[in-house]
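Participant: Here's a structure for you.
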Amino acid sequence: MTSATKKQEPQLTHTDPDTGKASMVSVTDKLPTHRTALAVSSIWLPGVAFDLLKRNGHKKGDVLTVAQIAGIQAAKQTSSLIPLCHPLLLTHVSVDLKLVEDDVADDGGLKSGRVEIQSKVACMGNTGVEMEALTGATVAALTVFDMCKAVGKDMVIGEIKVMEKTGGKSGMYRHKQEGAERKSHGI
């Protein structure tokens, strides 16, 4: 097999192939395109915490609104949190949270449940916005945890993934599990 017919080995883009050291990818020669990403996360809460969340009865205030704002703010700060991410001029960020109640009540008669989180991000740029969408979805879940931990630390954060991305050289991507039922504990 000649070198021209060999299939190229996959390589990590943030690692210098010669030294193995971390390096920031140059996007200088990439053309700007409209890029979008949709990421999801979820957090499962025990009955007492979920019940307070449903009734907006947490002492710290409106958990879902604070988590939404935290997710939006985090997406905008991704390059400050993740060392090799490029700072991007985002043109849109949305974080949506949805309550999903479990079918079975606990010993106290309260139903547990989860918050399903979707983070959508867009920009016109030389690199994708997957990390910004993931950061928005993750920080929103962390904020729910922070605001609810006083009434129950038995929460589970999970199922953090990119569901879809558009733009750039690779074009459209959809997660293989798109449309599949999300599990109750986010795992």
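Following the order of the structure tokens, chains are lettered A, B, ..., residues in each are numbered from 1, and ligands are numbered from 1.
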As a PDB file with C-alpha atoms, in the first residue's frame, please: the residues near Glu130 of chain A (cut-off 12 Å, only C-alpha atoms, same-chain neighbours under 2 positions excluded).
Facilitator:
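Result file out_37.pdb:
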ATOM      1  CA  ARG A  35     -22.501  27.723  12.784  1.00  0.00           C
ATOM      2  CA  THR A  36     -24.980  26.350  15.294  1.00  0.00           C
ATOM      3  CA  ALA A  37     -24.938  23.727  18.032  1.00  0.00           C
ATOM      4  CA  LEU A  38     -27.567  22.163  20.258  1.00  0.00           C
ATOM      5  CA  ALA A  39     -26.415  20.486  23.474  1.00  0.00           C
ATOM      6  CA  VAL A  40     -28.446  18.835  26.216  1.00  0.00           C
ATOM      7  CA  ALA A  75     -21.869  29.943  27.039  1.00  0.00           C
ATOM      8  CA  THR A  78     -16.553  29.406  27.426  1.00  0.00           C
ATOM      9  CA  SER A  79     -13.132  30.519  26.168  1.00  0.00           C
ATOM     10  CA  CYS A  85     -11.290  27.318  23.052  1.00  0.00           C
ATOM     11  CA  HIS A  86     -11.289  30.295  20.738  1.00  0.00           C
ATOM     12  CA  LEU A  88     -16.203  33.719  19.652  1.00  0.00           C
ATOM     13  CA  LEU A  90     -21.890  34.599  19.553  1.00  0.00           C
ATOM     14  CA  VAL A  93     -27.654  31.779  22.919  1.00  0.00           C
ATOM     15  CA  SER A 119     -28.682  24.961  25.050  1.00  0.00           C
ATOM     16  CA  LYS A 120     -28.660  26.409  21.521  1.00  0.00           C
ATOM     17  CA  VAL A 121     -25.798  28.589  20.329  1.00  0.00           C
ATOM     18  CA  ALA A 122     -25.065  30.295  17.003  1.00  0.00           C
ATOM     19  CA  CYS A 123     -22.337  32.431  15.484  1.00  0.00           C
ATOM     20  CA  THR A 127     -14.859  27.522  14.278  1.00  0.00           C
ATOM     21  CA  GLY A 128     -17.813  25.689  15.777  1.00  0.00           C
ATOM     22  CA  GLU A 132     -20.324  26.910  24.063  1.00  0.00           C
ATOM     23  CA  ALA A 133     -23.544  24.891  23.818  1.00  0.00           C
ATOM     24  CA  LEU A 134     -22.133  22.164  26.093  1.00  0.00           C
ATOM     25  CA  THR A 135     -20.967  24.756  28.623  1.00  0.00           C
ATOM     26  CA  GLY A 136     -24.376  26.444  28.680  1.00  0.00           C
ATOM     27  CA  ALA A 137     -26.212  23.149  29.257  1.00  0.00           C
ATOM     28  CA  ILE A 160     -24.460  15.911  28.634  1.00  0.00           C
ATOM     29  CA  LYS A 161     -23.988  15.713  24.884  1.00  0.00           C
ATOM     30  CA  VAL A 162     -24.070  17.591  21.590  1.00  0.00           C
ATOM     31  CA  MET A 163     -27.264  16.632  19.781  1.00  0.00           C
ATOM     32  CA  GLU A 164     -26.676  18.624  16.610  1.00  0.00           C
ATOM     33  CA  LYS A 165     -24.250  20.988  14.949  1.00  0.00           C
ATOM     34  CA  THR A 166     -24.266  22.799  11.614  1.00  0.00           C
ATOM     35  CA  GLY A 167     -21.809  24.792   9.549  1.00  0.00           C
ATOM     36  CA  GLY A 168     -18.147  24.552   8.786  1.00  0.00           C
ATOM     37  CA  TYR A 173     -23.982  16.432  12.511  1.00  0.00           C
TER      38      TYR A 173
END
Participant: Residues at most 9 Å from Val144 of chain A, counting only C-alpha atoms, excluding those fewer than 3 positions away in the same chain, as a PyMOL selection string?
Facilitator: chain A and resi 43+63-64+66-67+115+139-141+147-149
Participant: Just the number, please: distance in Å from atom CA of Asp102 of chain A to atom CA of Asp51 of chain A, one decimal.
Facilitator: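 Here the two named atoms are 11.3 Å from each other.
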Participant: Among chain A, which ones does DSSP place in strand (DSSP E), written as number ranges by chain?
Facilitator: A: 33-45, 90-105, 111-125, 156-166, 173-174
Participant: Could you give me the residues within segment 110-167 of chain A that DSSP places in helix (DSSP H, G or I), as a list in words?
Facilitator: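 Put together, the selection reads Glu130, Met131, Glu132, Ala133, Leu134, Thr135, Gly136, Ala137, Thr138, Val139, Ala140, Ala141, Leu142, Thr143, Val144, Phe145, Asp146, Met147 and Cys148 of chain A.
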Participant: Any chance you could export the current selection's all heavy atoms as a tab-separated table (two decimals), in the first residue's frame?
Facilitator:
chain	number	residue	atom	x	y	z
A	130	GLU	N	-19.86	24.11	19.48
A	130	GLU	CA	-20.25	22.97	20.30
A	130	GLU	C	-19.87	23.15	21.76
A	130	GLU	O	-20.65	22.83	22.66
A	130	GLU	CB	-19.61	21.66	19.77
A	130	GLU	CG	-20.05	21.27	18.38
A	130	GLU	CD	-19.12	21.77	17.27
A	130	GLU	OE1	-18.44	22.80	17.47
A	130	GLU	OE2	-19.09	21.14	16.22
A	131	MET	N	-18.66	23.65	22.01
A	131	MET	CA	-18.21	23.82	23.40
A	131	MET	C	-19.05	24.85	24.14
A	131	MET	O	-19.35	24.70	25.32
A	131	MET	CB	-16.72	24.20	23.45
A	131	MET	CG	-15.81	23.10	22.92
A	131	MET	SD	-16.08	21.47	23.65
A	131	MET	CE	-15.75	21.79	25.36
A	132	GLU	N	-19.47	25.89	23.44
A	132	GLU	CA	-20.32	26.91	24.06
A	132	GLU	C	-21.69	26.33	24.42
A	132	GLU	O	-22.23	26.61	25.50
A	132	GLU	CB	-20.46	28.11	23.12
A	132	GLU	CG	-19.20	28.95	23.00
A	132	GLU	CD	-18.07	28.33	22.19
A	132	GLU	OE1	-18.29	27.31	21.50
A	132	GLU	OE2	-16.96	28.87	22.24
A	133	ALA	N	-22.25	25.52	23.53
A	133	ALA	CA	-23.54	24.89	23.82
A	133	ALA	C	-23.42	23.91	24.98
A	133	ALA	O	-24.28	23.87	25.87
A	133	ALA	CB	-24.08	24.19	22.57
A	134	LEU	N	-22.36	23.10	24.99
A	134	LEU	CA	-22.13	22.16	26.09
A	134	LEU	C	-21.95	22.89	27.42
A	134	LEU	O	-22.47	22.47	28.45
A	134	LEU	CB	-20.90	21.29	25.81
A	134	LEU	CG	-21.07	20.19	24.77
A	134	LEU	CD1	-19.71	19.67	24.33
A	134	LEU	CD2	-21.92	19.07	25.32
A	135	THR	N	-21.21	23.98	27.39
A	135	THR	CA	-20.97	24.76	28.62
A	135	THR	C	-22.26	25.35	29.14
A	135	THR	O	-22.54	25.30	30.34
A	135	THR	CB	-19.92	25.86	28.36
A	135	THR	OG1	-18.70	25.24	27.92
A	135	THR	CG2	-19.64	26.67	29.61
A	136	GLY	N	-23.09	25.89	28.26
A	136	GLY	CA	-24.38	26.44	28.68
A	136	GLY	C	-25.26	25.40	29.33
A	136	GLY	O	-25.85	25.62	30.40
A	137	ALA	N	-25.37	24.22	28.72
A	137	ALA	CA	-26.21	23.15	29.26
A	137	ALA	C	-25.68	22.63	30.59
A	137	ALA	O	-26.44	22.34	31.51
A	137	ALA	CB	-26.31	22.01	28.24
A	138	THR	N	-24.37	22.52	30.70
A	138	THR	CA	-23.74	21.99	31.91
A	138	THR	C	-23.87	22.96	33.08
A	138	THR	O	-24.23	22.56	34.20
A	138	THR	CB	-22.26	21.66	31.65
A	138	THR	OG1	-22.18	20.74	30.56
A	138	THR	CG2	-21.60	21.08	32.88
A	139	VAL	N	-23.57	24.22	32.85
A	139	VAL	CA	-23.65	25.21	33.93
A	139	VAL	C	-25.09	25.42	34.39
A	139	VAL	O	-25.34	25.63	35.58
A	139	VAL	CB	-22.95	26.53	33.54
A	139	VAL	CG1	-23.24	27.64	34.54
A	139	VAL	CG2	-21.44	26.30	33.42
A	140	ALA	N	-26.04	25.31	33.49
A	140	ALA	CA	-27.45	25.39	33.91
A	140	ALA	C	-27.77	24.25	34.88
A	140	ALA	O	-28.42	24.46	35.91
A	140	ALA	CB	-28.37	25.34	32.69
A	141	ALA	N	-27.30	23.03	34.58
A	141	ALA	CA	-27.53	21.89	35.49
A	141	ALA	C	-26.81	22.10	36.82
A	141	ALA	O	-27.37	21.82	37.89
A	141	ALA	CB	-27.07	20.59	34.83
A	142	LEU	N	-25.59	22.59	36.77
A	142	LEU	CA	-24.85	22.87	38.01
A	142	LEU	C	-25.56	23.91	38.86
A	142	LEU	O	-25.57	23.83	40.09
A	142	LEU	CB	-23.43	23.35	37.68
A	142	LEU	CG	-22.48	22.30	37.11
A	142	LEU	CD1	-21.22	22.98	36.58
A	142	LEU	CD2	-22.15	21.25	38.14
A	143	THR	N	-26.17	24.88	38.22
A	143	THR	CA	-26.90	25.93	38.95
A	143	THR	C	-28.14	25.36	39.64
A	143	THR	O	-28.43	25.71	40.79
A	143	THR	CB	-27.28	27.08	37.99
A	143	THR	OG1	-26.08	27.59	37.40
A	143	THR	CG2	-28.00	28.20	38.73
A	144	VAL	N	-28.85	24.47	38.96
A	144	VAL	CA	-29.99	23.80	39.61
A	144	VAL	C	-29.49	23.04	40.84
A	144	VAL	O	-30.09	23.13	41.92
A	144	VAL	CB	-30.72	22.85	38.63
A	144	VAL	CG1	-31.76	22.00	39.37
A	144	VAL	CG2	-31.37	23.64	37.50
A	145	PHE	N	-28.38	22.33	40.70
A	145	PHE	CA	-27.82	21.60	41.84
A	145	PHE	C	-27.51	22.55	42.99
A	145	PHE	O	-27.90	22.32	44.14
A	145	PHE	CB	-26.55	20.85	41.42
A	145	PHE	CG	-26.01	19.92	42.48
A	145	PHE	CD1	-26.24	18.56	42.39
A	145	PHE	CD2	-25.29	20.40	43.57
A	145	PHE	CE1	-25.76	17.69	43.36
A	145	PHE	CE2	-24.82	19.55	44.54
A	145	PHE	CZ	-25.05	18.19	44.45
A	146	ASP	N	-26.82	23.64	42.69
A	146	ASP	CA	-26.43	24.61	43.72
A	146	ASP	C	-27.65	25.17	44.45
A	146	ASP	O	-27.65	25.28	45.68
A	146	ASP	CB	-25.64	25.76	43.09
A	146	ASP	CG	-25.28	26.82	44.12
A	146	ASP	OD1	-24.65	26.47	45.15
A	146	ASP	OD2	-25.63	27.99	43.91
A	147	MET	N	-28.68	25.49	43.72
A	147	MET	CA	-29.84	26.12	44.33
A	147	MET	C	-30.74	25.14	45.07
A	147	MET	O	-31.54	25.55	45.91
A	147	MET	CB	-30.64	26.89	43.27
A	147	MET	CG	-29.84	28.08	42.72
A	147	MET	SD	-30.80	29.13	41.63
A	147	MET	CE	-31.90	29.93	42.80
A	148	CYS	N	-30.61	23.84	44.77
A	148	CYS	CA	-31.49	22.83	45.39
A	148	CYS	C	-30.77	21.97	46.43
A	148	CYS	O	-31.42	21.18	47.13
A	148	CYS	CB	-32.08	21.92	44.32
A	148	CYS	SG	-33.17	22.79	43.17
